[in-house]
Amino acid sequence: MGLTGIQILGKLPKKNCKECGHPTCMAFAMKVAAGQAEITACPYVDPAVVEEIAEATAPPIRTVKLGSGDQIFSLGGEVVLFRHEKRFENPPPLGTYISTSMDEGEISRRIDLYKKLQWDRVGIKLQPEVLFIADGKDRSKFENIVKRVREELPHVALVLEGDKASLEKALSICGDFKPLLYGATVDNFEDMTSLALETRAPLTIIGRSLDELAELVDKALQKGLKDLVLDPGSLSVKELFEDMVIIRRAAIKKRYKPFGFPIITFPYRYAKDYLSESLLAGLLVAKYASVIILSDLKGESLFNLLVERMNIFTDPQKPLVVEEGIYPVNGPDEYSPVVITCNFALTYFIVNGEIESSRVPTWLLIKNTDGLSVLTAWAAGKFGADSIAEFVKRCGIEQKVKHRKLEIPGYLAGIKGELEEELPDWEIIVGPREASGLPALLKRVYAELQEMKKAS
Ligand code: SF4
């Protein structure tokens, strides 16, 4: 069981020296208990106590780290069954596999997909982040693939499947960059666990049933291994779903140690085609995969899975926001319309999408409203006439355009007069209530501005 803040405080030196970045030992202890600070931030705690507290405050599902330096991929670390209870912590990396049985053309195609399939959404880069390199039986080909992938895809986490000798070689190629080893079964348990112990690489434990999985994990823990990933070896979609829920529930609710680890999944093992594989992967994003390996990468499926993942792993208590600023859409100039809205990501996407599809060059002003939507932000005093006027004056749009026409959301019609007083040089145009009405308005304003340009 976890320790309370008071119990942790009892183990601190109580110097109140602030070196941990907190004003008092008490404040620090509370943060550690809440999982918002690491006990190692206090330099005065005895190492034995550090270990004891770290163990007691660790999440019920261990955080296993792959990669190195700036490229760290955290798996697991989850503390709840449902995201509304708190939030899900570490989104599962998605990717596909390359096997030594593939020809060079296919290997290159798959590597190229990792370079090509990348999207920017709300300032977050969405891309495949993990690659499973399978079947290390052809050792020299396996080594070459590992070498090539490390050179060409340094931002991608690796899962390596092979025997002890080929994995040893692959690990030396990876250097500091920690891949996940796949995997220890009942047949190769001794070899794989000693390799993981020697190299400190995370290891997948593969069971043919949950009972066998628990038994093998227990043995691995007794050998001193800590960074483990589970493959429950489920045989059907139904069994997979049941296994995922049983493992997560046992880890979170019962603190059952052998199941307190991230889970790797392969949805293609259960699917008859790519569509059902994608649907299953979508299910696994929510319940409860820590790594998802697909049979191939197809943009139309991967993009949706990554967006779903982004939504599921967003803190439900914090709205998704875009950065405050001026966003040029369709290549605007000094005589392009100016539109303002809030920084709630959904609003931004809808408004931006309508402007893009109108093809009207436009300056889109995004004001920070702490992620609140237009009306909520107005009601909270974050999107009223005074704050909009202050932002318009400060953001630099007055230097970018030679006109003074500002379009505000239709829901803010009531502040038009007030805003005209705050911005006396500007003509305030009340836009539509629904963004779908934007293109017609933008075309009209744009035509007026082009007339003004000709006359200037
Ligand atoms: S560094 Fe340690 S002793 Fe100093 S205030 Fe923080 S917890 Fe207390």
# chains A, B, ... in the order shown; residues from 1 in each chain; ligands from 1
>>> residues_around(residues="Leu195 (chain A)", least_positions_apart="5", cutoff="9 Å", atoms="only C-alpha atoms", output="ChimeraX atom specification")
/A:164,167-168,190,200-201
>>> residues_near_ligand(ligand="ligand 1", cutoff="9 Å", atoms="only C-alpha atoms and all ligand atoms", output="PyMOL selection string")
chain A and resi 9+12-29+39+41-45
>>> closest_residue(among="A:Glu239, A:Glu448, A:Glu434, A:Asp231", to="Gly410 (chain A)", atoms="only C-alpha atoms")
A:Glu434
>>> residues_around(residues="region 364-370 of chain A", least_positions_apart="2", cutoff="8 Å", atoms="only C-alpha atoms", output="MDAnalysis selection string")
chainID A and resid 319 321:329 338:344 348 352 362 372:373 377 382:383 388 391
>>> write_last_selection(atoms="N, CA and C atoms", output="mmCIF file, in the first residue's frame")
data_model
loop_
_atom_site.group_PDB
_atom_site.id
_atom_site.type_symbol
_atom_site.label_atom_id
_atom_site.label_comp_id
_atom_site.auth_asym_id
_atom_site.auth_seq_id
_atom_site.Cartn_x
_atom_site.Cartn_y
_atom_site.Cartn_z
ATOM 1 N N PRO A 319 -8.656 20.917 -20.283
ATOM 2 C CA PRO A 319 -9.064 20.945 -21.685
ATOM 3 C C PRO A 319 -7.856 21.039 -22.625
ATOM 4 N N VAL A 321 -5.710 22.501 -25.389
ATOM 5 C CA VAL A 321 -5.610 23.898 -25.832
ATOM 6 C C VAL A 321 -4.629 24.055 -26.989
ATOM 7 N N VAL A 322 -4.779 25.150 -27.715
ATOM 8 C CA VAL A 322 -3.747 25.544 -28.683
ATOM 9 C C VAL A 322 -3.116 26.832 -28.156
ATOM 10 N N GLU A 323 -1.917 27.084 -28.662
ATOM 11 C CA GLU A 323 -1.188 28.238 -28.161
ATOM 12 C C GLU A 323 -1.802 29.557 -28.626
ATOM 13 N N GLU A 324 -1.753 30.540 -27.743
ATOM 14 C CA GLU A 324 -2.241 31.878 -28.118
ATOM 15 C C GLU A 324 -1.341 32.443 -29.223
ATOM 16 N N GLY A 325 -1.915 33.154 -30.169
ATOM 17 C CA GLY A 325 -1.078 33.766 -31.206
ATOM 18 C C GLY A 325 -1.866 34.084 -32.461
ATOM 19 N N ILE A 326 -1.103 34.453 -33.493
ATOM 20 C CA ILE A 326 -1.706 34.785 -34.789
ATOM 21 C C ILE A 326 -1.427 33.615 -35.726
ATOM 22 N N TYR A 327 -2.461 33.040 -36.284
ATOM 23 C CA TYR A 327 -2.299 31.886 -37.176
ATOM 24 C C TYR A 327 -2.659 32.309 -38.605
ATOM 25 N N PRO A 328 -1.668 32.335 -39.523
ATOM 26 C CA PRO A 328 -2.007 32.663 -40.911
ATOM 27 C C PRO A 328 -2.637 31.450 -41.588
ATOM 28 N N VAL A 329 -3.787 31.643 -42.228
ATOM 29 C CA VAL A 329 -4.454 30.528 -42.913
ATOM 30 C C VAL A 329 -4.640 30.915 -44.381
ATOM 31 N N VAL A 338 -9.540 39.401 -40.612
ATOM 32 C CA VAL A 338 -9.013 39.015 -39.295
ATOM 33 C C VAL A 338 -10.175 38.433 -38.469
ATOM 34 N N VAL A 339 -9.962 37.208 -37.987
ATOM 35 C CA VAL A 339 -10.999 36.506 -37.231
ATOM 36 C C VAL A 339 -10.420 36.187 -35.854
ATOM 37 N N ILE A 340 -11.203 36.343 -34.806
ATOM 38 C CA ILE A 340 -10.690 35.986 -33.466
ATOM 39 C C ILE A 340 -11.570 34.913 -32.841
ATOM 40 N N THR A 341 -10.932 33.954 -32.156
ATOM 41 C CA THR A 341 -11.690 32.990 -31.353
ATOM 42 C C THR A 341 -10.850 32.539 -30.151
ATOM 43 N N CYS A 342 -11.412 31.590 -29.375
ATOM 44 C CA CYS A 342 -10.764 31.155 -28.142
ATOM 45 C C CYS A 342 -9.728 30.057 -28.418
ATOM 46 N N ASN A 343 -9.006 29.629 -27.383
ATOM 47 C CA ASN A 343 -7.968 28.616 -27.634
ATOM 48 C C ASN A 343 -8.386 27.196 -27.221
ATOM 49 N N PHE A 344 -9.688 26.947 -27.083
ATOM 50 C CA PHE A 344 -10.164 25.569 -26.903
ATOM 51 C C PHE A 344 -9.865 24.829 -28.213
ATOM 52 N N TYR A 348 -10.754 25.713 -32.187
ATOM 53 C CA TYR A 348 -9.704 26.075 -33.142
ATOM 54 C C TYR A 348 -9.782 25.200 -34.392
ATOM 55 N N ASN A 352 -10.595 26.814 -37.878
ATOM 56 C CA ASN A 352 -9.482 26.731 -38.832
ATOM 57 C C ASN A 352 -9.888 25.917 -40.074
ATOM 58 N N THR A 362 -6.659 34.402 -44.564
ATOM 59 C CA THR A 362 -7.227 34.964 -43.329
ATOM 60 C C THR A 362 -6.202 34.929 -42.199
ATOM 61 N N LEU A 372 -11.113 27.220 -22.508
ATOM 62 C CA LEU A 372 -12.581 27.279 -22.408
ATOM 63 C C LEU A 372 -13.168 27.663 -23.765
ATOM 64 N N SER A 373 -14.356 27.165 -24.045
ATOM 65 C CA SER A 373 -15.020 27.508 -25.307
ATOM 66 C C SER A 373 -15.569 28.938 -25.217
ATOM 67 N N ALA A 377 -15.895 30.869 -21.797
ATOM 68 C CA ALA A 377 -14.799 31.808 -21.530
ATOM 69 C C ALA A 377 -15.349 33.207 -21.268
ATOM 70 N N LYS A 382 -12.947 35.587 -19.328
ATOM 71 C CA LYS A 382 -11.680 35.409 -20.040
ATOM 72 C C LYS A 382 -11.796 35.784 -21.518
ATOM 73 N N PHE A 383 -12.989 36.159 -21.952
ATOM 74 C CA PHE A 383 -13.156 36.465 -23.376
ATOM 75 C C PHE A 383 -14.146 37.626 -23.526
ATOM 76 N N ILE A 388 -10.290 40.964 -24.952
ATOM 77 C CA ILE A 388 -10.091 40.831 -26.404
ATOM 78 C C ILE A 388 -9.331 42.061 -26.926
ATOM 79 N N PHE A 391 -5.732 41.938 -26.035
ATOM 80 C CA PHE A 391 -5.006 40.964 -26.851
ATOM 81 C C PHE A 391 -4.777 41.501 -28.279
#
>>> closest_residue(among="A:Gly5, A:Ala196, A:Glu55, A:Ser68", to="Lys31 (chain A)", atoms="only C-alpha atoms")
A:Gly5
>>> decode(residues="region 31-70 of chain A", atoms="N, CA and C atoms", output="CSV table (one decimal), in the first residue's frame")
chain,number,residue,atom,x,y,z
A,31,LYS,N,3.6,16.1,-1.8
A,31,LYS,CA,3.8,15.9,-3.2
A,31,LYS,C,4.2,14.5,-3.6
A,32,VAL,N,5.2,14.0,-2.8
A,32,VAL,CA,5.7,12.6,-3.0
A,32,VAL,C,4.5,11.6,-2.8
A,33,ALA,N,3.7,11.8,-1.8
A,33,ALA,CA,2.6,10.9,-1.5
A,33,ALA,C,1.6,10.9,-2.7
A,34,ALA,N,1.5,12.1,-3.3
A,34,ALA,CA,0.5,12.3,-4.4
A,34,ALA,C,1.1,11.8,-5.7
A,35,GLY,N,2.4,11.4,-5.7
A,35,GLY,CA,3.0,11.0,-7.0
A,35,GLY,C,3.4,12.2,-7.8
A,36,GLN,N,3.5,13.4,-7.2
A,36,GLN,CA,3.8,14.6,-8.1
A,36,GLN,C,5.3,15.0,-7.8
A,37,ALA,N,6.0,14.3,-7.0
A,37,ALA,CA,7.5,14.6,-6.8
A,37,ALA,C,8.2,13.3,-6.5
A,38,GLU,N,9.5,13.3,-6.9
A,38,GLU,CA,10.3,12.1,-6.7
A,38,GLU,C,11.0,12.2,-5.4
A,39,ILE,N,11.0,11.2,-4.6
A,39,ILE,CA,11.7,11.2,-3.3
A,39,ILE,C,13.2,11.6,-3.4
A,40,THR,N,13.8,11.2,-4.6
A,40,THR,CA,15.2,11.5,-4.8
A,40,THR,C,15.5,13.0,-4.9
A,41,ALA,N,14.5,13.8,-5.0
A,41,ALA,CA,14.7,15.3,-5.1
A,41,ALA,C,15.3,15.8,-3.8
A,42,CYS,N,15.1,15.1,-2.7
A,42,CYS,CA,15.7,15.5,-1.4
A,42,CYS,C,17.0,14.8,-1.3
A,43,PRO,N,18.1,15.6,-1.2
A,43,PRO,CA,19.4,14.9,-1.2
A,43,PRO,C,19.8,14.4,0.1
A,44,TYR,N,19.0,14.6,1.2
A,44,TYR,CA,19.4,14.2,2.5
A,44,TYR,C,18.8,12.9,3.0
A,45,VAL,N,18.0,12.2,2.1
A,45,VAL,CA,17.3,11.0,2.6
A,45,VAL,C,18.2,9.8,2.4
A,46,ASP,N,18.3,9.0,3.4
A,46,ASP,CA,19.1,7.8,3.4
A,46,ASP,C,18.7,6.9,2.2
A,47,PRO,N,19.7,6.3,1.4
A,47,PRO,CA,19.3,5.5,0.3
A,47,PRO,C,18.4,4.4,0.6
A,48,ALA,N,18.5,3.8,1.8
A,48,ALA,CA,17.6,2.7,2.1
A,48,ALA,C,16.1,3.2,2.2
A,49,VAL,N,16.0,4.4,2.8
A,49,VAL,CA,14.7,5.0,2.9
A,49,VAL,C,14.2,5.4,1.5
A,50,VAL,N,15.1,5.9,0.6
A,50,VAL,CA,14.7,6.2,-0.7
A,50,VAL,C,14.0,5.0,-1.4
A,51,GLU,N,14.7,3.9,-1.2
A,51,GLU,CA,14.2,2.7,-1.9
A,51,GLU,C,12.8,2.3,-1.3
A,52,GLU,N,12.8,2.4,0.0
A,52,GLU,CA,11.5,2.0,0.7
A,52,GLU,C,10.3,2.9,0.3
A,53,ILE,N,10.6,4.2,0.2
A,53,ILE,CA,9.5,5.1,-0.2
A,53,ILE,C,9.2,5.0,-1.7
A,54,ALA,N,10.3,4.8,-2.5
A,54,ALA,CA,10.0,4.7,-3.9
A,54,ALA,C,9.2,3.5,-4.2
A,55,GLU,N,9.5,2.4,-3.5
A,55,GLU,CA,8.7,1.1,-3.6
A,55,GLU,C,7.2,1.3,-3.2
A,56,ALA,N,7.1,2.0,-2.0
A,56,ALA,CA,5.7,2.2,-1.5
A,56,ALA,C,4.9,3.2,-2.3
A,57,THR,N,5.5,4.1,-2.9
A,57,THR,CA,4.8,5.1,-3.7
A,57,THR,C,4.7,4.9,-5.2
A,58,ALA,N,5.3,3.7,-5.6
A,58,ALA,CA,5.3,3.4,-7.0
A,58,ALA,C,3.9,3.1,-7.5
A,59,PRO,N,3.6,3.4,-8.8
A,59,PRO,CA,2.3,3.1,-9.3
A,59,PRO,C,2.1,1.6,-9.3
A,60,PRO,N,0.9,1.1,-9.2
A,60,PRO,CA,0.7,-0.4,-9.2
A,60,PRO,C,1.1,-1.0,-10.5
A,61,ILE,N,1.2,-0.3,-11.6
A,61,ILE,CA,1.7,-0.8,-12.8
A,61,ILE,C,3.1,-0.1,-13.0
A,62,ARG,N,4.1,-0.9,-13.1
A,62,ARG,CA,5.5,-0.3,-13.1
A,62,ARG,C,5.7,0.5,-14.4
A,63,THR,N,6.4,1.6,-14.3
A,63,THR,CA,6.8,2.4,-15.5
A,63,THR,C,8.1,1.7,-16.0
A,64,VAL,N,8.0,1.2,-17.2
A,64,VAL,CA,9.2,0.6,-17.9
A,64,VAL,C,9.6,1.6,-19.0
A,65,LYS,N,10.9,1.9,-19.0
A,65,LYS,CA,11.4,2.9,-19.9
A,65,LYS,C,12.3,2.3,-21.0
A,66,LEU,N,12.0,2.6,-22.2
A,66,LEU,CA,12.8,2.2,-23.4
A,66,LEU,C,13.5,3.5,-23.9
A,67,GLY,N,14.6,3.2,-24.8
A,67,GLY,CA,15.3,4.3,-25.4
A,67,GLY,C,16.3,4.9,-24.5
A,68,SER,N,16.7,6.2,-24.7
A,68,SER,CA,17.8,6.8,-23.9
A,68,SER,C,17.7,8.3,-24.2
A,69,GLY,N,18.4,9.1,-23.3
A,69,GLY,CA,18.5,10.5,-23.5
A,69,GLY,C,17.2,11.2,-23.7
A,70,ASP,N,17.1,12.0,-24.8
A,70,ASP,CA,15.8,12.7,-25.2
A,70,ASP,C,14.8,11.8,-25.7
